[in-house]
Structure formats: C-alpha cells, structure tokens
Amino acid sequence: MNSPAVEHTAHHAQRPGAPALGGMQHARLSTGLRWLGLSLAGCLLLAAWRYVQLDQEFAVDARARHSMLAQRMDQHDAHLTSLAAVAQLDDSGYAGFNAVAAAVRKYYPRIAAIQLIGLEPTPRVLASTEGETDLPVGMDAVRQRAQLLTAGRAAVLANGDGKHYVLVKRLGSESLTALVLVIDSARLADTDTADGAPLALMLSDADGVVVGRVPAASAAQTARWLPTLHETRTLTSASQPLQLSLQRHLSLKELLPAPLLLLVLLGSAGLLWLIDGLRRTRLARQESALRSQELRLAHAMRVNGLGEMASGIAHELTQPMTAVLSQSQAGLRLIENGAGTDALVPVLQANIRLAKRAGDILSRMRSYVSQRPPLTQRTVLDNLVLGAVELARADLAERGIVLSTELGAADASVQVDPVSIEQVLHNLVRNAAESLDAAAPGTARITVTTAADTEGVHVSVRDNGPGIEPQDLSRLFTPFFTTKAGGMGLGLSICERLVEAAGGRIEVVSVPGSGACFTVHLPAATEAAPA
Amino acid sequence: MKYPVHLVEDDADVREALALLLHTLGYRVNSFDSATSFLQRVPADELGCVVADVRMAGMSGIQLLEKLQADPWPLPVVVITGHGDMALCRRAFKAGAVDFLSKPIDEHALLEAVQAGMARLDTWSSAHQERTGASQRLEQLSARESEIIGLIADGLSTKEIARRLDLSPRTVEKHRAGIALKVGTGSVADLVKLVLSAT
C-alpha cells in the first residue's frame, strides 16, 4: 500500500427525538437562561408600569400636600391678624392676648410658641405662651426683620436647622412691636391621616434657606440606585412665600410587589412552555413532512433502479419458468408413453412449487417498487444480502465484473425493513459497479462480505476501482453531492438515512487507486425478539 | 442409446426438470450441480453429451466448454443460458459448442441439440476406432519398415526410397513385401490411407 488509507469519519446515527445527553443538558440550560431573560424583561416592564403608577400617585399626593400646607399657612396669617388685634386692644398685662394665644396653641399644636415682643428701645418679651423661652432665631434678627416690614406685614425667619421657623409680624408704627409665631415644621407637615405614601418634605424661602425639613415618615428600605420622585411647588401665601419640595424614594417592594413578581415569573415560564410547545409541534410537523418526502424519494430511487435490475429479475424468473416448461413437457411425454397418474404427481408438485417460486420473486419485486411505509421485521442478514446481491449479478456479469460473496454472519438476524436495506445494498453495489467502468477487462471485482460480532452485524461492499478522492470523502453523504456525470447525488444520502432509520450507520474507507469499501453497521436483533 | 447426457446446472429446480425431460426423451442422465463436480466425475473417461448452464457459481458453462475443447477428443457441449446475448452466443460457437439454447428451453430444440451432440460423438467414436485399428496394424512393422511406409505415403518410388535410405532397390522391395504381408495390402493407395488415418 503506497498511499495511506483515508478513513472517513463514522457516520453515527443521530435520530431525531433522541438527542445526546450533552445536548439535553444544553437544552435545559438554554431553557433556564431563556426563562431568566424573559422574567427579567417582565420585571422591567412591571417596574416601569409601577413607576408610572407611583408617579401619578405621587403627583396626587403632592397636590394634596401642597393645598394642605397652603391652607395651614393661611391659618397662620389669620392667627397673626387676630392675635395682633387682641394685642393692640389689650391692657398692659396682656391677659386677653395670653388667653387667646393659649387657646390657639391648644388647638394648633404645630404652633410651638406665640410671643409678643417689644423691640424698642431693647427687645423684650411682652407676652409669651411659653414664658421666656428662647426663640430659634435671635432677638436682633427679629428686630432687624421687623424693621424692614411695614406695619401689619409678616415675614418668615429661619435658623436653617429645618425644625422650626419663625413668623414675624410687625404691629403698629409708633412703638416697634412684633408678634412672633414659632412654627414646628414637622407638625406643620403632619397629615392627620396615616394613609399616603412616605414623603420627604422640605420648605425653603426665596433665598434657599431651609425653613423646614421633614424626612419620610416610614424609613422604608430604599436603595440608592432606585429612582426617586421629585416635585417642587410654590406656596402662594403672602407672608410665607415658600418653596415646597417633595421627594419620594421608591422601594423595590413598591416597584416589584411580591404577588405581581410571582405572576411575572410564572407567566414567563408559562409563555416559554407555550412557545416551546408550538416549536415542538412545528418541528414534529416538519420532521414528518421530511420523512414522507424521504419515503417518496427512496421509492423513486427504487423505481429508478429497477431498470438496472431488470436483467437480474428476468434471470430470476427464467429459472422457474424453464423448470415449469420442462416439467410439463416431460409430463406430457410420460402420458404419451402410457405412464400412470402416479408418475405425474411429482411433475405437478414440482410445477406448483415452481409457480410459487416465480410468484415469490414477483411479490418481492412488487414490494421493492411499491410505495409503502417501512415495515421492520426480523430477517437473517445473510439471506437478505444474498437476495439483494443475486439481483445485481446479471447486471454485473454484463458489465464484466466478478461479484463474489463472503457471507460470514452465520444466522445473525437484524430487525430492519428488508426493502430499505436491500435498496442500500443495491445502491452500494451499483456505485461500486459504476466506479469499475474504466477497469481493464477481467480485472473488475466486487466483494460483498458479511460478518457478525458483539457490536452487531456488518455488511461490506468492496471494489477494486479507482477509489474516492480524499477531498470528496467528507461530502460523500451530503445530498446533491455527486461525482458522476448526470448523477443526482441523492443515492448515498438516502442510503445513510435508511441505515440510520434502522439504527445503524454507514462508513467508507477508501485507498485512492486501490478501491473503496463501504460498510453498513447494523445492530443485531436481540434473541428475545419474536421471529 | 449408447451415451448418457451429462447435465451441468446449479439450479436444483431446473436441473431436476431437465433431467426428467431428457429421461422421458429416452436418455440416460448424469446430473451435476457444478462444472467442478462434473470434471471430477467417476468414471472420468465416460463419454456423453454435455448440457451445461452458462451462469453458475465457480466455473461457468462457457469456461467448461473452453476447457473441454483442450482435449484431443472433446466431448460435445450444448450450452444453455437464461440470459443469452449475441456476444455470448458467438463465443460459445467459436469454442465449438454443438448448440446454444436460451431458457426456457423447448423440448424439440433440446432434443435436436442433444441428438446433434450424440451424432458428433458417434462420428468421433468411429473415427477413433478406425484410427486405433490402423495404429495397431502399423505397430507390427519393424523400425525400417515404418520408415519405408512413411516414405511410400510421401509418394516416393522404390528407387527414390533406396537412394534416400542408401539401400539397394532389391532390399527395399523385400521390405515392401514384408509390409504388405503384415498390414494385409500392398497397394500404394491403401498404404497411404492407412498411414493418414493413424495420424
């Protein structure tokens, strides 16, 4: 052997519906990933929808909070006006003022303190609900602010700590007196009802000084990466023209409520199952369409090959016909010679047997060319091979090719569709014969070998033709690949499909210049299978 | 019938049917399932008309025919085939086949072919006997007499023979008389015929 054997990779049967273990794990993994992806997309959609919903809620809340605050600030103005009136009419003991102020404080706890302060010549508290308590802002600040105000006007003073702010109102013009309300910011912002979302609130004056800061009521766990809702509104109070900033931190629980999250996860799993189901159905439909196409094609190839088998069929039929004719003529002669009916019995028996033999050949032909679904049955391999090879013998003899068989599978059986395997063998033998067209007369040889071992049964078709080009080997079983002029390139691909359908595989070894050897490996029928 | 038919056919059904038919036609039939088993027949020198199928496992009928033709006295062979074409037919006749019959075989055609084969056997057989008789008569002659009868058959006269063999004409005449006594004829024509039939 001067050139190395180029061995074609074995074609393992990969039947549909029976993916390998690795493929199954891969499929499971990919299903998991797809579920994860779909769930993630669902969560994003859910979060976006919840965000829009929460934003609308927040806007409503903000408007309500704004109008509540505006109303309360208007109340402050009203208190200031009434307290100023009482203070101006009161006596030097301010008994009336104190009584009114105490009443106001009682009903409006957000007003932390009410003081009447005389600012000239030095600031001193004239009357106070809380005695001499310190104001959040210094007396001088109150004085300076009051001096800037016209009589009867009020303004806000704050120290910036956000807890309290001071509302200063200048009274009368003859002696500089200020009426001061200390407002508790937290209580100002307090809603009476416990409903509503937790809002953080900030009040600031025109200069940006924070006059009130109230953190969100419930410290719900918020993450920095989650979106925050903002809204800034202006309070149109004359005395307290403040900016109201509302802020709402969204929590994960709000964006992805547990029941809805569960629904999304289950829904995406369901959707995935539905999609996979549809895809499976479609694949199954395609598979069945493909299979029926292959069946039709295999049938067409058999019908096509029938012409080449015609001489083989003719010879097969000639034998019993010859015997029938000779038996019958011999029978007539026996009668002419005066033989008794006893002598004719074996003649008639032989004729019956021969007619059946011819009938068997015909029915085999019919089943070979009939269009029918594959029918698997337990078959003795050597008989199957012999039957297929005998049909090819006449054609090969005409081509001057010596066909030899080495049947070594003994009684090994296979569970196959005999017609399919016959077709495969016929195809392989025909290919081998065509490769020998250019061989020198008397040298062309095809050897069909069978063997059985623990791995199954094997049928080889070997020729001593030119072999197969190494670059063609890998494409040999590809549909529409052909090296023959006028070939369709379907023979071997059909063969491969037929062998795979029988649970086997087909492989080829070719040594360029010394011929090719195609081997069909089939699983042996189990002993327990019914005969 | 003097000679049997040797039927060589590997299909049991066809062999059985043809054997029966030949039997009803009045022949003795020896059946063989292959050319090899025919060539190994016992007794090996039994004459007979061979009827052989072309397509058989191992040696084909045509190969058998060609092998038999190598014999000095070849047996007549009728070739039968299920798939006869012109090339095969020509090859068979070239190799000396008595007849070439296509299956299914009509009994008349078979009978004629076998009869022709038998006739050929008869002819060859009588020629064989004649030859063996002539050989026996010539074997009685001495070496010198054999030499002289050969020259007589070549058309030489007594004088020419004497000159060729460096003998006197009288001695040659004496030998010729001895030859005539031993083979039973002295005529030149008979002697020539005898020599020719023995070779």
# chains A, B, ... in the order shown; residues from 1 in each chain; ligands from 1
>>> closest_atom_pairs(of="chain A", to="chain B", cutoff="12 Å", atoms="only C-alpha atoms", output="CSV")
residue,atom,partner,partner_atom,distance
A:Ala310,CA,B:His83,CA,11.4
A:Ser311,CA,B:His83,CA,7.8
A:Gly312,CA,B:His83,CA,9.2
A:Ile313,CA,B:His83,CA,10.8
A:Ala314,CA,B:His83,CA,8.1
A:His315,CA,B:Gly82,CA,5.8
A:Glu316,CA,B:Gly82,CA,8.8
A:Leu317,CA,B:Gly82,CA,9.2
A:Thr318,CA,B:Gly82,CA,6.0
A:Gln319,CA,B:Val14,CA,6.3
A:Pro320,CA,B:Val14,CA,6.9
A:Met321,CA,B:Pro104,CA,6.2
A:Thr322,CA,B:Pro104,CA,4.0
A:Ala323,CA,B:Val14,CA,4.6
A:Val324,CA,B:Ala17,CA,7.4
A:Leu325,CA,B:Pro104,CA,6.8
A:Ser326,CA,B:Ala17,CA,5.4
A:Gln327,CA,B:Ala17,CA,5.0
A:Ser328,CA,B:Leu21,CA,8.6
A:Gln329,CA,B:Leu21,CA,6.8
A:Ala330,CA,B:Leu21,CA,4.4
A:Gly331,CA,B:Leu21,CA,8.0
A:Leu332,CA,B:Thr24,CA,9.3
A:Arg333,CA,B:Thr24,CA,6.2
A:Leu334,CA,B:Thr24,CA,6.5
A:Ile335,CA,B:Thr24,CA,10.0
A:Glu336,CA,B:Thr24,CA,9.9
A:Asn337,CA,B:Thr24,CA,8.4
A:Gly338,CA,B:Thr24,CA,11.4
A:Ala339,CA,B:Thr24,CA,10.5
A:Ala343,CA,B:Leu20,CA,11.1
A:Leu344,CA,B:Leu20,CA,11.3
A:Pro346,CA,B:Leu20,CA,10.5
A:Val347,CA,B:Ala17,CA,8.5
A:Leu348,CA,B:Ala17,CA,11.3
A:Gln349,CA,B:Ala17,CA,11.6
A:Ala350,CA,B:Asp13,CA,8.0
A:Asn351,CA,B:Ala17,CA,9.4
A:Ile352,CA,B:Asp13,CA,11.7
A:Arg353,CA,B:Asp13,CA,9.2
A:Leu354,CA,B:Asp13,CA,7.6
A:Ala355,CA,B:Asp13,CA,11.2
A:Arg357,CA,B:Asp13,CA,9.9
A:Ala358,CA,B:Asp13,CA,11.7
A:Glu390,CA,B:Ala57,CA,11.3
A:Arg393,CA,B:Arg55,CA,9.8
A:Ala394,CA,B:His83,CA,8.1
A:Asp395,CA,B:His83,CA,10.5
A:Ala397,CA,B:Arg55,CA,9.1
A:Glu398,CA,B:Asp85,CA,9.6
A:Gly400,CA,B:Leu88,CA,11.9
A:Val402,CA,B:Gly58,CA,10.6
A:Leu403,CA,B:Ala57,CA,10.1
A:Ser404,CA,B:Ala57,CA,9.3
A:Thr405,CA,B:Ala57,CA,10.6
>>> select_by_dssp(residues="range 16-128 of chain B", states="alpha helix (DSSP H)", output="JSON, numbers by chain")
{"B": [16, 17, 18, 19, 20, 21, 22, 23, 24, 35, 36, 37, 38, 39, 61, 62, 63, 64, 65, 66, 67, 68, 69, 86, 87, 88, 89, 90, 91, 92, 93, 94, 107, 108, 109, 110, 111, 112, 113, 114, 115, 116, 117, 118, 119, 120, 121, 122, 123, 124, 125, 126, 127, 128]}
>>> residues_around(residues="Ala438 in chain A", least_positions_apart="3", cutoff="12 Å", atoms="only C-alpha atoms", output="PDB file with N, CA and C atoms, in the first residue's frame")
ATOM      1  N   ARG A 399     -21.563  -6.297 -17.307  1.00  0.00           N
ATOM      2  CA  ARG A 399     -20.503  -5.291 -17.272  1.00  0.00           C
ATOM      3  C   ARG A 399     -19.125  -5.935 -17.176  1.00  0.00           C
ATOM      4  N   GLY A 400     -19.094  -7.266 -17.050  1.00  0.00           N
ATOM      5  CA  GLY A 400     -17.812  -7.961 -16.960  1.00  0.00           C
ATOM      6  C   GLY A 400     -17.179  -7.852 -15.596  1.00  0.00           C
ATOM      7  N   ILE A 401     -18.021  -7.686 -14.570  1.00  0.00           N
ATOM      8  CA  ILE A 401     -17.496  -7.554 -13.211  1.00  0.00           C
ATOM      9  C   ILE A 401     -17.698  -8.870 -12.461  1.00  0.00           C
ATOM     10  N   ALA A 432     -20.397   0.812  -6.795  1.00  0.00           N
ATOM     11  CA  ALA A 432     -19.127   0.109  -6.975  1.00  0.00           C
ATOM     12  C   ALA A 432     -18.969  -0.267  -8.449  1.00  0.00           C
ATOM     13  N   ALA A 433     -20.062  -0.760  -9.058  1.00  0.00           N
ATOM     14  CA  ALA A 433     -20.010  -1.172 -10.459  1.00  0.00           C
ATOM     15  C   ALA A 433     -19.680   0.020 -11.345  1.00  0.00           C
ATOM     16  N   GLU A 434     -20.279   1.173 -11.045  1.00  0.00           N
ATOM     17  CA  GLU A 434     -20.026   2.344 -11.881  1.00  0.00           C
ATOM     18  C   GLU A 434     -18.585   2.834 -11.734  1.00  0.00           C
ATOM     19  N   SER A 435     -18.017   2.612 -10.531  1.00  0.00           N
ATOM     20  CA  SER A 435     -16.629   3.043 -10.345  1.00  0.00           C
ATOM     21  C   SER A 435     -15.680   2.133 -11.117  1.00  0.00           C
ATOM     22  N   PRO A 441     -10.606  -5.135 -18.783  1.00  0.00           N
ATOM     23  CA  PRO A 441     -11.498  -6.292 -18.832  1.00  0.00           C
ATOM     24  C   PRO A 441     -10.927  -7.447 -18.006  1.00  0.00           C
ATOM     25  N   GLY A 442     -11.797  -8.062 -17.238  1.00  0.00           N
ATOM     26  CA  GLY A 442     -11.395  -9.243 -16.487  1.00  0.00           C
ATOM     27  C   GLY A 442     -10.779  -8.947 -15.137  1.00  0.00           C
ATOM     28  N   THR A 443     -10.553  -7.659 -14.823  1.00  0.00           N
ATOM     29  CA  THR A 443      -9.933  -7.369 -13.527  1.00  0.00           C
ATOM     30  C   THR A 443     -10.938  -6.824 -12.515  1.00  0.00           C
ATOM     31  N   ALA A 444     -12.067  -6.300 -13.043  1.00  0.00           N
ATOM     32  CA  ALA A 444     -13.033  -5.654 -12.141  1.00  0.00           C
ATOM     33  C   ALA A 444     -13.618  -6.672 -11.177  1.00  0.00           C
ATOM     34  N   ASN A 464     -12.476  -2.838  -6.463  1.00  0.00           N
ATOM     35  CA  ASN A 464     -11.063  -2.564  -6.723  1.00  0.00           C
ATOM     36  C   ASN A 464     -10.931  -1.497  -7.805  1.00  0.00           C
ATOM     37  N   GLY A 465     -11.826  -0.525  -7.717  1.00  0.00           N
ATOM     38  CA  GLY A 465     -11.810   0.593  -8.661  1.00  0.00           C
ATOM     39  C   GLY A 465     -10.807   1.650  -8.261  1.00  0.00           C
ATOM     40  N   PRO A 466     -10.992   2.861  -8.790  1.00  0.00           N
ATOM     41  CA  PRO A 466     -10.011   3.922  -8.535  1.00  0.00           C
ATOM     42  C   PRO A 466     -10.091   4.507  -7.123  1.00  0.00           C
TER      43      PRO A 466
END
>>> decode(residues="range 78-108 of chain A", atoms="N, CA and C atoms", output="tab-separated table (two decimals), in the first residue's frame")
chain	number	residue	atom	x	y	z
A	78	ALA	N	-54.17	84.21	59.57
A	78	ALA	CA	-55.41	84.56	60.28
A	78	ALA	C	-55.14	84.70	61.79
A	79	HIS	N	-54.32	83.73	62.31
A	79	HIS	CA	-53.98	83.81	63.73
A	79	HIS	C	-53.24	85.10	64.04
A	80	LEU	N	-52.27	85.41	63.16
A	80	LEU	CA	-51.48	86.62	63.37
A	80	LEU	C	-52.39	87.85	63.41
A	81	THR	N	-53.32	87.89	62.47
A	81	THR	CA	-54.20	89.05	62.37
A	81	THR	C	-55.05	89.18	63.64
A	82	SER	N	-55.62	88.03	64.07
A	82	SER	CA	-56.50	88.11	65.25
A	82	SER	C	-55.71	88.39	66.52
A	83	LEU	N	-54.50	87.75	66.63
A	83	LEU	CA	-53.67	87.98	67.81
A	83	LEU	C	-53.19	89.44	67.86
A	84	ALA	N	-52.86	89.97	66.66
A	84	ALA	CA	-52.41	91.37	66.60
A	84	ALA	C	-53.53	92.29	67.08
A	85	ALA	N	-54.76	91.97	66.65
A	85	ALA	CA	-55.90	92.80	67.04
A	85	ALA	C	-56.09	92.75	68.56
A	86	VAL	N	-55.99	91.54	69.10
A	86	VAL	CA	-56.16	91.37	70.55
A	86	VAL	C	-55.06	92.13	71.29
A	87	ALA	N	-53.81	91.97	70.79
A	87	ALA	CA	-52.67	92.60	71.46
A	87	ALA	C	-52.80	94.11	71.49
A	88	GLN	N	-53.28	94.68	70.38
A	88	GLN	CA	-53.34	96.13	70.31
A	88	GLN	C	-54.44	96.68	71.22
A	89	LEU	N	-55.48	95.91	71.44
A	89	LEU	CA	-56.57	96.38	72.27
A	89	LEU	C	-56.36	96.03	73.74
A	90	ASP	N	-55.41	95.15	74.01
A	90	ASP	CA	-55.25	94.62	75.36
A	90	ASP	C	-54.63	95.64	76.31
A	91	ASP	N	-54.74	95.32	77.58
A	91	ASP	CA	-54.12	96.18	78.59
A	91	ASP	C	-52.65	95.83	78.72
A	92	SER	N	-52.00	96.47	79.66
A	92	SER	CA	-50.55	96.26	79.78
A	92	SER	C	-50.21	94.88	80.31
A	93	GLY	N	-51.17	94.23	80.92
A	93	GLY	CA	-50.90	92.85	81.42
A	93	GLY	C	-51.05	91.78	80.36
A	94	TYR	N	-51.63	92.19	79.25
A	94	TYR	CA	-51.85	91.25	78.11
A	94	TYR	C	-52.60	89.99	78.51
A	95	ALA	N	-53.56	90.10	79.41
A	95	ALA	CA	-54.32	88.93	79.86
A	95	ALA	C	-55.14	88.34	78.73
A	96	GLY	N	-55.78	89.26	77.97
A	96	GLY	CA	-56.59	88.81	76.81
A	96	GLY	C	-55.74	88.10	75.78
A	97	PHE	N	-54.59	88.73	75.48
A	97	PHE	CA	-53.70	88.14	74.46
A	97	PHE	C	-53.26	86.75	74.88
A	98	ASN	N	-52.87	86.65	76.16
A	98	ASN	CA	-52.39	85.35	76.65
A	98	ASN	C	-53.48	84.29	76.56
A	99	ALA	N	-54.69	84.70	76.88
A	99	ALA	CA	-55.79	83.73	76.83
A	99	ALA	C	-56.02	83.25	75.40
A	100	VAL	N	-56.02	84.22	74.47
A	100	VAL	CA	-56.25	83.84	73.05
A	100	VAL	C	-55.09	82.97	72.56
A	101	ALA	N	-53.88	83.42	72.88
A	101	ALA	CA	-52.69	82.68	72.40
A	101	ALA	C	-52.70	81.25	72.93
A	102	ALA	N	-53.06	81.11	74.20
A	102	ALA	CA	-53.11	79.77	74.78
A	102	ALA	C	-54.14	78.91	74.07
A	103	ALA	N	-55.30	79.55	73.75
A	103	ALA	CA	-56.34	78.81	73.04
A	103	ALA	C	-55.85	78.36	71.66
A	104	VAL	N	-55.18	79.31	70.99
A	104	VAL	CA	-54.66	78.99	69.64
A	104	VAL	C	-53.67	77.83	69.73
A	105	ARG	N	-52.77	77.92	70.68
A	105	ARG	CA	-51.74	76.87	70.80
A	105	ARG	C	-52.38	75.52	71.11
A	106	LYS	N	-53.46	75.58	71.89
A	106	LYS	CA	-54.11	74.34	72.28
A	106	LYS	C	-54.68	73.61	71.07
A	107	TYR	N	-55.28	74.38	70.20
A	107	TYR	CA	-55.91	73.74	69.03
A	107	TYR	C	-54.94	73.52	67.87
A	108	TYR	N	-53.87	74.31	67.88
A	108	TYR	CA	-52.91	74.16	66.77
A	108	TYR	C	-51.55	73.80	67.32
